[in-house]
Structure formats: C-alpha cells, structure tokens
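Participant: What follows is protein.txt, compact mmCIF, C-alpha atoms.
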```txt
# COMPACT_ATOMS: atom_id res chain seq x y z
CA MET U 279 -1.65 -28.12 -30.27
CA LYS U 280 0.48 -30.98 -28.96
CA LYS U 281 3.64 -28.89 -29.42
CA ALA U 282 2.07 -26.01 -27.52
CA LEU U 283 1.02 -28.32 -24.68
CA LEU U 284 4.51 -29.84 -24.53
CA LEU U 285 6.09 -26.38 -24.43
CA PHE U 286 3.75 -25.35 -21.58
CA ILE U 287 4.67 -28.44 -19.58
CA ILE U 288 8.41 -27.87 -20.09
CA VAL U 289 8.18 -24.21 -19.08
CA PHE U 290 5.93 -24.97 -16.08
CA VAL U 291 8.22 -27.68 -14.77
CA SER U 292 11.38 -25.63 -15.30
CA LEU U 293 10.11 -22.46 -13.61
CA PRO U 294 10.74 -21.96 -9.88
CA SER U 295 7.42 -22.67 -8.24
CA ILE U 296 5.87 -22.08 -4.89
CA HIS U 297 5.18 -25.79 -4.92
CA SER U 298 8.93 -26.48 -4.86
CA GLN U 299 8.77 -25.09 -1.33
CA GLU U 300 6.59 -28.03 -0.33
CA ASN U 301 8.46 -30.92 -2.00
CA TYR U 302 9.60 -32.18 1.40
CA LYS U 303 6.16 -33.81 1.71
CA ASN U 304 7.04 -36.63 -0.70
CA LYS U 305 7.35 -39.89 1.24
CA HIS U 306 10.78 -41.48 1.52
CA GLU U 307 10.20 -44.19 4.10
CA LYS U 308 13.08 -45.11 6.38
CA LEU U 309 12.25 -46.79 9.67
CA ILE U 310 15.64 -47.30 11.40
CA TYR U 311 18.39 -44.86 12.34
CA GLU U 312 21.70 -45.62 14.05
CA ASN U 313 23.32 -42.53 15.54
CA LYS U 314 27.10 -42.13 15.56
CA ASP U 315 27.30 -38.50 16.70
CA PHE U 316 26.70 -38.51 20.46
CA TYR U 317 27.02 -35.37 22.56
CA ASP U 318 27.05 -34.44 26.23
CA VAL U 319 24.13 -32.74 27.93
CA LYS U 320 24.48 -30.33 30.84
CA VAL U 321 22.02 -30.68 33.71
CA TYR U 322 21.47 -27.43 35.61
CA PRO U 323 20.75 -27.43 39.35
CA ASP U 324 17.17 -27.15 40.57
CA ASP U 325 18.00 -24.31 42.96
CA ILE U 326 18.90 -21.62 40.39
CA LYS U 327 17.42 -18.36 41.69
CA PHE U 328 15.58 -16.95 38.68
CA LYS U 329 13.96 -13.53 38.61
CA LYS U 330 10.22 -13.31 39.28
CA HIS U 331 9.37 -12.28 35.71
CA PRO U 332 11.33 -12.83 32.50
CA LYS U 333 12.93 -9.89 30.75
CA ASN U 334 13.84 -12.20 27.87
CA ILE U 335 11.94 -15.11 26.30
CA ILE U 336 13.42 -17.70 23.95
CA LEU U 337 10.70 -19.78 22.28
CA LEU U 338 11.99 -22.84 20.44
CA ILE U 339 9.55 -24.65 18.15
CA GLY U 340 10.28 -28.15 16.90
CA ASP U 341 7.95 -28.22 13.91
CA GLY U 342 6.13 -31.56 13.86
CA MET U 343 7.67 -32.64 17.19
CA GLY U 344 5.52 -34.94 19.28
CA VAL U 345 6.51 -37.08 22.25
CA ALA U 346 7.67 -39.94 20.00
CA GLN U 347 10.02 -37.59 18.14
CA VAL U 348 11.49 -36.44 21.46
CA PHE U 349 11.98 -40.03 22.57
CA ALA U 350 13.61 -40.89 19.25
CA GLY U 351 16.16 -38.20 20.12
CA ILE U 352 16.57 -39.51 23.66
CA THR U 353 17.17 -43.02 22.29
CA ALA U 354 19.63 -41.82 19.65
CA ASN U 355 21.71 -39.83 22.14
CA ARG U 356 21.94 -42.76 24.57
CA GLY U 357 19.28 -41.64 27.00
CA MET U 358 19.58 -37.87 27.34
CA LEU U 359 18.67 -34.61 25.61
CA ASN U 360 18.92 -30.97 26.64
CA ILE U 361 15.13 -30.89 26.29
CA ALA U 362 14.84 -33.76 28.77
CA THR U 363 16.56 -31.73 31.51
CA MET U 364 13.67 -29.23 31.60
CA LYS U 365 11.49 -30.07 34.61
CA ASN U 366 8.36 -28.02 33.94
CA ILE U 367 6.33 -29.93 31.35
CA GLY U 368 2.84 -29.55 29.90
CA PHE U 369 0.84 -30.42 26.79
CA SER U 370 -0.66 -28.21 24.10
CA LYS U 371 -3.81 -29.01 22.08
CA THR U 372 -3.22 -28.03 18.47
CA GLN U 373 -6.58 -27.99 16.64
CA SER U 374 -7.12 -25.00 14.31
CA ALA U 375 -10.25 -22.87 13.90
CA ASP U 376 -11.52 -24.90 10.96
CA ASN U 377 -9.86 -28.31 11.26
CA TYR U 378 -9.09 -31.05 13.77
CA ILE U 379 -5.67 -31.27 12.08
CA THR U 380 -3.82 -27.96 12.04
CA ASP U 381 -1.26 -26.90 9.49
CA SER U 382 1.86 -24.92 10.42
CA ALA U 383 0.30 -21.59 9.45
CA ALA U 384 -2.63 -21.90 11.85
CA GLY U 385 -0.46 -23.65 14.43
CA GLY U 386 2.21 -20.97 14.20
CA THR U 387 -0.36 -18.18 14.37
CA ALA U 388 -1.86 -19.69 17.53
CA LEU U 389 1.55 -19.68 19.24
CA ALA U 390 2.61 -16.30 17.87
CA CYS U 391 -0.65 -14.35 18.08
CA GLY U 392 -2.89 -16.17 20.54
CA VAL U 393 -5.80 -16.80 18.17
CA LYS U 394 -7.14 -19.93 16.51
CA THR U 395 -7.35 -19.33 12.78
CA LYS U 396 -8.03 -21.24 9.56
CA ASN U 397 -5.45 -23.56 8.08
CA GLY U 398 -3.17 -21.72 5.68
CA VAL U 399 -3.64 -18.30 7.28
CA ILE U 400 -0.72 -16.30 8.69
CA GLY U 401 -1.17 -13.65 11.41
CA GLU U 402 -4.90 -13.12 10.82
CA ASP U 403 -8.03 -14.29 12.63
CA PRO U 404 -10.72 -16.39 10.88
CA ASP U 405 -12.43 -13.19 9.67
CA GLY U 406 -9.28 -11.87 8.01
CA ASN U 407 -8.42 -9.29 10.68
CA LYS U 408 -4.71 -8.81 11.36
CA VAL U 409 -3.63 -9.84 14.86
CA LYS U 410 -0.41 -8.73 16.54
CA SER U 411 2.19 -11.34 17.38
CA ILE U 412 4.20 -11.58 20.57
CA LEU U 413 7.21 -10.41 18.52
CA GLU U 414 5.36 -7.30 17.35
CA ILE U 415 4.11 -6.56 20.86
CA ALA U 416 7.65 -7.01 22.17
CA GLU U 417 8.84 -4.48 19.56
CA GLU U 418 6.16 -2.01 20.69
CA ASN U 419 7.41 -2.41 24.25
CA GLY U 420 11.00 -1.61 23.35
CA LYS U 421 12.37 -5.15 23.32
CA ALA U 422 14.85 -6.44 20.76
CA THR U 423 13.50 -9.26 18.59
CA GLY U 424 14.76 -12.13 16.48
CA LEU U 425 13.80 -15.12 14.33
CA VAL U 426 15.86 -18.20 13.39
CA ALA U 427 14.77 -21.15 11.21
CA THR U 428 16.24 -23.98 9.17
CA SER U 429 13.51 -23.43 6.56
CA ALA U 430 13.10 -20.25 4.56
CA ILE U 431 12.52 -17.44 7.05
CA THR U 432 9.30 -16.77 5.09
CA HIS U 433 7.92 -20.26 5.76
CA ALA U 434 4.76 -20.72 7.80
CA THR U 435 6.06 -20.86 11.37
CA PRO U 436 8.55 -17.96 11.35
CA ALA U 437 6.17 -15.97 9.12
CA SER U 438 3.47 -16.22 11.80
CA PHE U 439 5.53 -13.99 14.10
CA ILE U 440 6.03 -11.15 11.62
CA ALA U 441 3.56 -11.31 8.70
CA HIS U 442 -0.17 -10.98 8.04
CA VAL U 443 -1.36 -12.74 4.87
CA PRO U 444 -4.35 -14.94 4.01
CA ASN U 445 -2.21 -17.63 2.38
CA ARG U 446 1.04 -19.12 3.70
CA ARG U 447 2.39 -19.52 0.14
CA MET U 448 2.60 -15.74 -0.34
CA TYR U 449 6.35 -15.85 0.30
CA GLU U 450 7.21 -12.54 -1.37
CA GLU U 451 4.45 -10.71 0.51
CA ILE U 452 5.71 -12.28 3.74
CA ALA U 453 9.25 -11.10 2.99
CA THR U 454 7.88 -7.57 2.44
CA ASP U 455 6.51 -7.57 6.00
CA PHE U 456 10.09 -7.78 7.30
CA VAL U 457 10.98 -4.37 5.86
CA ASN U 458 9.15 -2.21 8.41
CA SER U 459 9.00 -4.77 11.22
CA GLY U 460 11.88 -3.38 13.28
CA ILE U 461 13.18 -6.91 13.89
CA ASP U 462 16.80 -6.88 15.10
CA VAL U 463 18.09 -10.20 13.74
CA PHE U 464 16.76 -12.92 11.45
CA ILE U 465 18.62 -15.98 10.22
CA GLY U 466 17.32 -18.64 7.84
CA GLY U 467 16.81 -19.46 4.19
CA GLY U 468 14.72 -17.51 1.69
CA TYR U 469 17.17 -15.08 0.08
CA ASP U 470 15.36 -15.27 -3.28
CA PHE U 471 12.12 -13.94 -1.77
CA PHE U 472 13.96 -10.77 -0.80
CA VAL U 473 15.92 -10.11 -4.00
CA LYS U 474 14.61 -12.25 -6.92
CA ARG U 475 11.03 -11.06 -6.83
CA LYS U 476 8.27 -10.81 -9.41
CA ASP U 477 7.63 -7.18 -8.45
CA GLY U 478 11.28 -6.22 -9.07
CA ARG U 479 11.84 -4.89 -5.55
CA ASN U 480 15.17 -5.51 -3.86
CA LEU U 481 14.32 -5.83 -0.19
CA GLU U 482 17.96 -6.34 0.73
CA LYS U 483 18.72 -2.84 -0.58
CA GLU U 484 15.62 -1.37 1.09
CA MET U 485 16.58 -2.89 4.45
CA GLU U 486 20.24 -1.90 4.12
CA ASP U 487 18.95 1.66 3.75
CA LYS U 488 17.27 1.13 7.14
CA GLY U 489 20.54 0.07 8.75
CA TYR U 490 20.48 -3.71 8.25
CA SER U 491 23.60 -5.71 7.41
CA PHE U 492 22.88 -8.60 5.01
CA TYR U 493 24.96 -11.77 4.74
CA THR U 494 24.49 -15.14 3.02
CA SER U 495 26.38 -17.29 5.53
CA LEU U 496 27.05 -17.23 9.24
CA ASP U 497 30.78 -17.58 8.61
CA SER U 498 30.83 -14.27 6.76
CA VAL U 499 29.29 -12.27 9.63
CA PRO U 500 31.94 -10.11 11.36
CA GLU U 501 32.24 -10.46 15.12
CA SER U 502 31.54 -6.75 15.47
CA VAL U 503 28.08 -6.88 13.85
CA LYS U 504 25.30 -6.43 16.35
CA SER U 505 21.72 -5.23 15.91
CA LYS U 506 19.90 -5.11 12.54
CA LEU U 507 21.44 -8.30 11.18
CA ALA U 508 19.97 -10.45 8.39
CA VAL U 509 21.62 -13.75 7.42
CA LEU U 510 19.82 -15.50 4.56
CA THR U 511 21.68 -18.77 4.27
CA ALA U 512 19.96 -20.37 1.24
CA PRO U 513 17.98 -19.29 -1.85
CA LYS U 514 14.92 -21.01 -0.37
CA HIS U 515 15.22 -23.72 2.31
CA ASN U 516 18.46 -24.82 3.94
CA PRO U 517 19.65 -28.39 3.30
CA GLN U 518 18.81 -31.09 5.81
CA MET U 519 21.25 -32.48 8.35
CA PRO U 520 24.11 -33.22 8.15
CA GLU U 521 24.67 -31.23 4.92
CA ARG U 522 23.99 -27.83 6.52
CA GLY U 523 26.37 -28.52 9.42
CA ASN U 524 25.83 -26.73 12.74
CA MET U 525 23.81 -23.88 11.22
CA LEU U 526 20.92 -24.00 13.73
CA PRO U 527 22.85 -24.06 17.05
CA GLU U 528 25.35 -21.55 15.64
CA ALA U 529 22.53 -19.29 14.40
CA THR U 530 20.87 -19.50 17.82
CA GLU U 531 24.13 -18.53 19.49
CA LYS U 532 24.67 -15.65 17.04
CA ALA U 533 21.10 -14.38 17.53
CA LEU U 534 21.55 -14.42 21.31
CA ASP U 535 24.85 -12.58 20.94
CA VAL U 536 23.13 -9.89 18.84
CA LEU U 537 20.10 -9.57 21.12
CA ASP U 538 22.06 -9.58 24.36
CA GLY U 539 22.32 -5.95 25.35
CA SER U 540 20.56 -4.64 22.19
CA SER U 541 17.82 -3.19 24.38
CA THR U 542 17.62 -2.34 28.06
CA GLU U 543 14.09 -3.78 27.92
CA GLY U 544 15.28 -7.30 27.00
CA PHE U 545 14.34 -9.43 23.99
CA PHE U 546 12.11 -12.02 22.34
CA LEU U 547 13.63 -14.75 20.15
CA MET U 548 11.90 -17.55 18.25
CA VAL U 549 14.00 -20.46 16.97
CA GLU U 550 12.46 -23.14 14.75
CA GLY U 551 13.76 -26.62 14.03
CA SER U 552 11.73 -26.63 10.81
CA GLN U 553 12.68 -29.95 9.31
CA ILE U 554 11.63 -32.36 12.07
CA ASP U 555 8.26 -31.96 10.37
CA TRP U 556 9.67 -32.78 6.95
CA GLY U 557 11.08 -36.07 8.17
CA GLY U 558 7.60 -36.87 9.48
CA HIS U 559 6.02 -36.11 6.12
CA GLN U 560 8.55 -38.42 4.47
CA ASN U 561 8.05 -41.16 7.10
CA ASP U 562 11.81 -41.11 7.60
CA VAL U 563 13.00 -41.94 11.12
CA ALA U 564 16.60 -41.02 10.24
CA TYR U 565 15.59 -37.57 8.96
CA ILE U 566 13.44 -36.89 12.01
CA THR U 567 16.07 -38.01 14.49
CA ARG U 568 18.96 -36.09 12.92
CA GLU U 569 16.83 -32.93 12.88
CA LEU U 570 15.62 -33.49 16.45
CA LEU U 571 19.20 -33.84 17.72
CA ASP U 572 20.22 -30.68 15.83
CA PHE U 573 17.25 -28.82 17.33
CA ASP U 574 18.19 -30.10 20.78
CA LYS U 575 21.68 -28.62 20.39
CA ALA U 576 20.02 -25.25 19.76
CA VAL U 577 17.95 -25.81 22.92
CA GLY U 578 21.25 -26.40 24.72
CA LYS U 579 22.48 -22.96 23.62
CA ALA U 580 19.28 -21.36 24.93
CA LEU U 581 19.47 -23.17 28.28
CA GLU U 582 23.11 -22.19 28.70
CA TYR U 583 22.17 -18.54 28.15
CA ALA U 584 19.22 -18.74 30.58
CA ALA U 585 21.27 -20.41 33.30
CA THR U 586 23.64 -17.44 33.32
CA HIS U 587 21.02 -14.75 32.60
CA LYS U 588 18.45 -15.47 35.27
CA ASN U 589 15.86 -13.13 33.76
CA THR U 590 15.49 -15.41 30.71
CA LEU U 591 12.67 -17.91 30.14
CA VAL U 592 13.15 -20.79 27.68
CA ILE U 593 10.09 -22.53 26.22
CA VAL U 594 10.31 -25.57 23.93
CA THR U 595 7.22 -26.83 22.12
CA ALA U 596 5.76 -27.77 18.72
CA ASP U 597 3.04 -26.46 16.46
CA HIS U 598 1.72 -30.00 15.83
CA GLU U 599 2.90 -33.61 15.44
CA THR U 600 3.69 -35.04 12.02
CA GLY U 601 3.54 -38.64 10.82
CA GLY U 602 1.87 -40.34 13.77
CA LEU U 603 5.27 -41.72 14.79
CA SER U 604 5.59 -44.65 17.19
CA ASN U 605 8.82 -45.82 18.83
CA THR U 606 8.76 -49.56 18.06
CA GLY U 607 12.14 -50.82 19.20
CA LYS U 608 15.95 -50.94 19.14
CA SER U 609 18.54 -49.74 21.67
CA ILE U 610 19.19 -46.74 23.92
CA LYS U 611 22.61 -48.18 24.81
CA ASP U 612 23.63 -48.25 21.14
CA GLY U 613 21.72 -45.15 20.01
CA ILE U 614 19.59 -47.04 17.49
CA VAL U 615 16.02 -45.87 16.81
CA GLU U 616 13.26 -47.84 15.14
CA GLY U 617 9.85 -46.38 14.36
CA ALA U 618 6.61 -46.75 12.45
CA PHE U 619 4.14 -44.22 11.05
CA THR U 620 0.37 -44.05 10.77
CA VAL U 621 0.14 -41.19 8.23
CA GLY U 622 2.26 -38.97 5.98
CA HIS U 623 0.81 -35.72 7.25
CA HIS U 624 0.03 -33.95 10.51
CA THR U 625 -1.95 -35.51 13.35
CA GLY U 626 -4.21 -34.05 16.02
CA ILE U 627 -2.42 -35.41 19.08
CA MET U 628 -1.23 -33.12 21.85
CA VAL U 629 2.37 -31.91 21.74
CA PRO U 630 4.72 -31.39 24.69
CA VAL U 631 5.69 -28.04 26.20
CA PHE U 632 8.91 -27.73 28.23
CA ALA U 633 9.96 -24.64 30.19
CA PHE U 634 13.02 -23.42 32.13
CA GLY U 635 13.51 -20.11 33.88
CA PRO U 636 11.30 -17.45 35.49
CA GLY U 637 7.63 -18.40 35.14
CA ALA U 638 8.40 -21.92 33.88
CA GLU U 639 5.84 -23.45 36.25
CA GLU U 640 3.06 -21.64 34.35
CA PHE U 641 3.49 -24.10 31.48
CA ARG U 642 2.46 -27.21 33.40
CA GLY U 643 -0.84 -28.93 32.59
CA ILE U 644 -2.94 -29.39 29.46
CA TYR U 645 -4.18 -26.34 27.56
CA GLU U 646 -4.92 -24.91 24.12
CA ASN U 647 -1.98 -23.77 21.99
CA VAL U 648 -3.16 -20.14 22.18
CA GLU U 649 -2.44 -20.19 25.91
CA ILE U 650 1.30 -20.22 25.22
CA PHE U 651 1.01 -16.74 23.68
CA LYS U 652 -1.15 -15.58 26.59
CA LYS U 653 1.28 -16.94 29.17
CA MET U 654 4.25 -15.23 27.47
CA LYS U 655 2.38 -11.94 27.27
CA ALA U 656 1.37 -12.12 30.94
CA LEU U 657 4.87 -13.06 32.09
CA TYR U 658 6.31 -10.11 30.18
CA ASN U 659 3.76 -7.93 32.04
CA PHE U 660 2.44 -6.63 28.70
CA LYS U 661 -1.01 -5.05 28.79
```
Please render this file's structure as structure tokens.

Facilitator:
Amino acid sequence: MKKALLLFIIVFVSLPSIHSQENYKNKHEKLIYENKDFYDVKVYPDDIKFKKHPKNIILLIGDGMGVAQVFAGITANRGMLNIATMKNIGFSKTQSADNYITDSAAGGTALACGVKTKNGVIGEDPDGNKVKSILEIAEENGKATGLVATSAITHATPASFIAHVPNRRMYEEIATDFVNSGIDVFIGGGYDFFVKRKDGRNLEKEMEDKGYSFYTSLDSVPESVKSKLAVLTAPKHNPQMPERGNMLPEATEKALDVLDGSSTEGFFLMVEGSQIDWGGHQNDVAYITRELLDFDKAVGKALEYAATHKNTLVIVTADHETGGLSNTGKSIKDGIVEGAFTVGHHTGIMVPVFAFGPGAEEFRGIYENVEIFKKMKALYNFK
C-alpha cells in the first residue's frame, strides 16, 4: 500500500499539471528594486487632430496593475512613463458577479464582453450563457483582430476575448476556440495546449490548413508574413523579465504591422502585460516594476502608432489590482522603488484607465469595468 501511494505521488508530481500554470502565486517577498535600464518617453502634443470615431482600438491590460504599480514604474524610470503622458484618465470598479474580489477570468470577461460574471468563468454570463466579446463583434463587422500576452495565450485574460468556458483552467478547450475564431494574429505562450493535447488533436496543423502561419519565436517570423499569424513563444508561459527580452514591445509592434492594412474596416488588438500580477502575488517589488516597465514600452509602441494613425484609440487599464501594494519610499532621481504589501492575492480597489486618441474623453470618471466594453462598442459604432 505504501509503495502504491509513493508511486502515485511520484507520478502526480512529475506529470505536467494545470496547477503548474498557477505556480506564480507562491510568495517570494522582495521590497526594494533599483532600476538600471532607463528609457526615454515621447510626449505627444495636445493638439493632434484625431478622427471623430476610432477605426482601430488597441486595448492594453496590465494584469494586476493598480495606481501604486504605475507609480512604481514612474519612480523606477526617473519620473516618467509612456502611460503617464495619457491625459484622459478614469477609474474602473472591478467587483465580479459573485465576489468583492474578482479574479482575472471574471475581470477579463467584464472588459472583453461587458458582463459581470462569476470568478473563474471565461466568456459566459453567471447563468452559463455564452456572451460575445468585443474581438468577436469586431470580427463580425469585418475588422482584423489580434491578441498578445506574456502569459500563455490561453490564460484567463486573453482567453476572455476569444473563448467561452465555465472554468479558466480548461486550457485545451480554450485553445480549441482559436481554430474557428477568424483571429488574424496572436502572440504569446501556450504552444503545448495547441499540439501536446490529451485529445490527440494538433491545432497547429488544423489552423495551418485554414491559412495560418505558425512560429515559435518572433525572430523566426519572415518580414513578408502578414495576416493569419500565430507565434507561440513558450510551451506554457513566457519567462519573466529580463529573461524573455523585449518580447512584449516587439510582439506589439509585430501585431500592429500585421493588422495595419489587413482590413479596410480597421482592427481590434488586445495586449496584456500578464506578469505584473504575478509579481503582486509574490509580493515582489522588483518583479512588478520590471514587468510594469516592459508593459509601458508596449504602450509606447501603441501610442506611436496612434499618433501617426489618427483613427486609432489606445486604452490602458487593468482587470484588478494585486498585492495591495503601497509605495513606501526611496528615490525618483535614482530610480529606486520601495514598497510594502497587504495581501498576496487580488484586492478590490479601483484601477486606473488611461486613454489617447479619438473618443479618449469618454474614459474619464469612475465607472464599472463593464463600461469599458460598452464604450469601445459605442465608439466603433457597432449595433
């Protein structure tokens, strides 16, 4: 009996598990970070003449990013971020349908689909009915669409824009929803959920038959590749910064290059800085700040595109705050951040919303997270 129990434990521990997708939640407390990698920020003039309504929307989600996380980035980069140049600012209330503290599935679904749902649920309302996301509605209206994430592309936030499942841990089922989605470009981790599946399906092959080009690194993507591009950069999640390099800003730039001109109707792109949240779970100021700065560089790519394509709206927000971070000291002049945490999980505090481009003023004020979906839909003039 003891031998059998030991064998079970060895096999269980050695098998790839859905729980390995959540191991970023183990605390690894680090309360000070000194930045050495400063970068310049471009400030765009206030008198840019944007179009009345956006043809394109770029939604950037800093998972777990509250005001303290933003200010950690401001401190680390000696007083300025690309995010901080955006003049239209509001706040989003993040509570889910069944909990004061949302998870990323319910938080992502609120932003993507405009409904409050239960924690853990992707793309469905509290009664289990599928609800269309802004990405799916954009597809129906002839727009090109894209997703970028530093997590697996099947993780809760990106999944909320393309999948409909009752449990966020159904990674293989989420991957299956990509097959017939019509999405034009997606870049992130999660290769194993497409090709090393329990059901034996090879989704890479199925999607190649539909015209997709699959790659496992951004460097391997030919310059000539345009629409129907999939880049799955890790078996599951991508490494944290700085190990993964400039993957997120480069992936954002590549996605914009693919989407630009893919449809005469414009595009919708969601970009997630997934691992700001993971640093919060670990109570690690260094992890948070490195990820926030990396996310901000992706925001810089989006703002640069919008400043030259005046029919493009950029929105930066979060699904929730993680860690209850406080900025407790150190130096903006030297780029040193010090913080403290109240919890190792999500909190219920409001999160910031920043906007730049046509319709940006609509995002001022305090409102429920579902309003972000509604505002995007209205600005697109979707029925």

Participant: Go through U:Lys652, U:Leu547, U:Lys396, U:Gly539 one by one, measure the shortest atom-to-atom distance of each to Val463 in chain U using all atoms listed in the file, and give the residue with the smallest value.

Facilitator: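 Between U:Lys652, U:Leu547, U:Lys396, U:Gly539, the residue approaching Val463 in chain U most closely is U:Leu547.
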
Participant: Between U:Gly466, U:Gly340, U:Gly420, U:Gly544, which one has atoms that come closest to Ile361 in chain U, using all atoms listed in the file?

Facilitator: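 Smallest distance to Ile361 in chain U is found for U:Gly340.
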
Participant: Could you list, as a ChimeraX atom specification, every residue within 7 Å of range 471-488 of chain U, counting all atoms listed in the file and ignoring same-chain residues fewer than 3 positions away?

Facilitator: /U:449-450,453,457,468,491-492

Participant: How many Å lie between CA of Thr494 in chain U and CA of Gly460 in chain U, rounded to one decimal?

Facilitator: 20.1 Å

Participant: Using all atoms listed in the file, what table do you get, as a Markdown table, when you list each residue of range 368-394 of chain U with an atom no more than 10 Å from range 584-596 of chain U, its nearest pair of atoms, and their distance in Å rounded to one decimal, rows by chain then rising number?

Facilitator:
```
| residue | atom | partner | partner_atom | distance |
| --- | --- | --- | --- | --- |
| U:Gly368 | CA | U:Thr595 | CA | 9.3 |
| U:Phe369 | CA | U:Thr595 | CA | 8.7 |
| U:Ser370 | CA | U:Thr595 | CA | 8.2 |
| U:Thr372 | CA | U:Ala596 | CA | 9.0 |
| U:Ser382 | CA | U:Ala596 | CA | 9.6 |
| U:Gly385 | CA | U:Ala596 | CA | 8.6 |
| U:Gly386 | CA | U:Ala596 | CA | 8.9 |
| U:Leu389 | CA | U:Ala596 | CA | 9.1 |
```

Participant: Work out how far apart CA of Glu307 in chain U and CA of Trp556 in chain U are and give it in Å to one decimal.

Facilitator: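 Answer for the CA of Glu307 in chain U to CA of Trp556 in chain U separation: 11.8 Å.
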
Participant: Counting only C-alpha atoms, which residue out of U:Asp325, U:Glu531, U:Glu414, U:Glu312 sits closest to Lys655 in chain U?

Facilitator: U:Glu414

Participant: Using 3 Å of padding on each side, determine the axis-aligned box around all atoms of range 500-509 of chain U present in the file and give its centre and edge lengths in Å to one decimal, as JSON.

Facilitator:
```
{"center_x": 26.1, "center_y": -9.4, "center_z": 11.9, "size_x": 18.3, "size_y": 14.6, "size_z": 14.9}
```

Participant: What's the separation between CA of Tyr583 in chain U and CA of Asp497 in chain U, in Å to one decimal place?

Facilitator: 21.4 Å

Participant: Give me the residues near range 444-448 of chain U as a PyMOL selection string, where near means some atom within 9 Å (using only C-alpha atoms) and where sequence neighbours in that chain fewer than 3 positions away do not count.

Facilitator: chain U and resi 296-297+299+382-383+397-402+406+432-434+437-438+451-453

Participant: Just want the 7 Å neighbourhood of Phe464 in chain U, counted on all atoms listed in the file, with same-chain residues fewer than 4 positions away dropped. Output as a ChimeraX atom specification.

Facilitator: /U:424-426,507-509

Participant: Keeping only C-alpha atoms, write those residues as a tab-separated table (two decimals), in the coordinates of the input.

Facilitator:
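File produced: result_8.tsv:
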```tsv
chain	number	residue	atom	x	y	z
U	424	GLY	CA	14.76	-12.13	16.48
U	425	LEU	CA	13.80	-15.12	14.33
U	426	VAL	CA	15.86	-18.20	13.39
U	507	LEU	CA	21.44	-8.30	11.18
U	508	ALA	CA	19.97	-10.45	8.39
U	509	VAL	CA	21.62	-13.75	7.42
```

Participant: Residues within 7 Å of Thr423 in chain U, please, as a compact mmCIF listing (two decimals) with C-alpha atoms, in the frame of the given file. Count all atoms listed in the file; anything in the same chain fewer than 6 positions from it doesn't count.

Facilitator:
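Output (result21.txt):
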```txt
# COMPACT_ATOMS: atom_id res chain seq x y z
CA LEU U 413 7.21 -10.41 18.52
CA GLU U 417 8.84 -4.48 19.56
CA ILE U 461 13.18 -6.91 13.89
CA ASP U 462 16.80 -6.88 15.10
CA VAL U 463 18.09 -10.20 13.74
CA PHE U 545 14.34 -9.43 23.99
CA PHE U 546 12.11 -12.02 22.34
CA LEU U 547 13.63 -14.75 20.15
```

Participant: What's the 8 Å shell around Gly602 in chain U, counting all atoms listed in the file, without same-chain residues fewer than 2 positions away, as a list in words?

Facilitator: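 Neighbouring residues, sequence-local ones excluded: Gly558, Glu599, Thr600, Ser604, Phe619, Thr620, Val621, Gly622, His624 and Thr625 of chain U.
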
Participant: Identify which of the residues U:Thr380, U:Thr435, U:Ser411, U:Ser459 lies closest to Gly392 in chain U, counting all atoms listed in the file when measuring atom-to-atom distances.

Facilitator: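 Under the stated criterion, the closest residue is U:Ser411.
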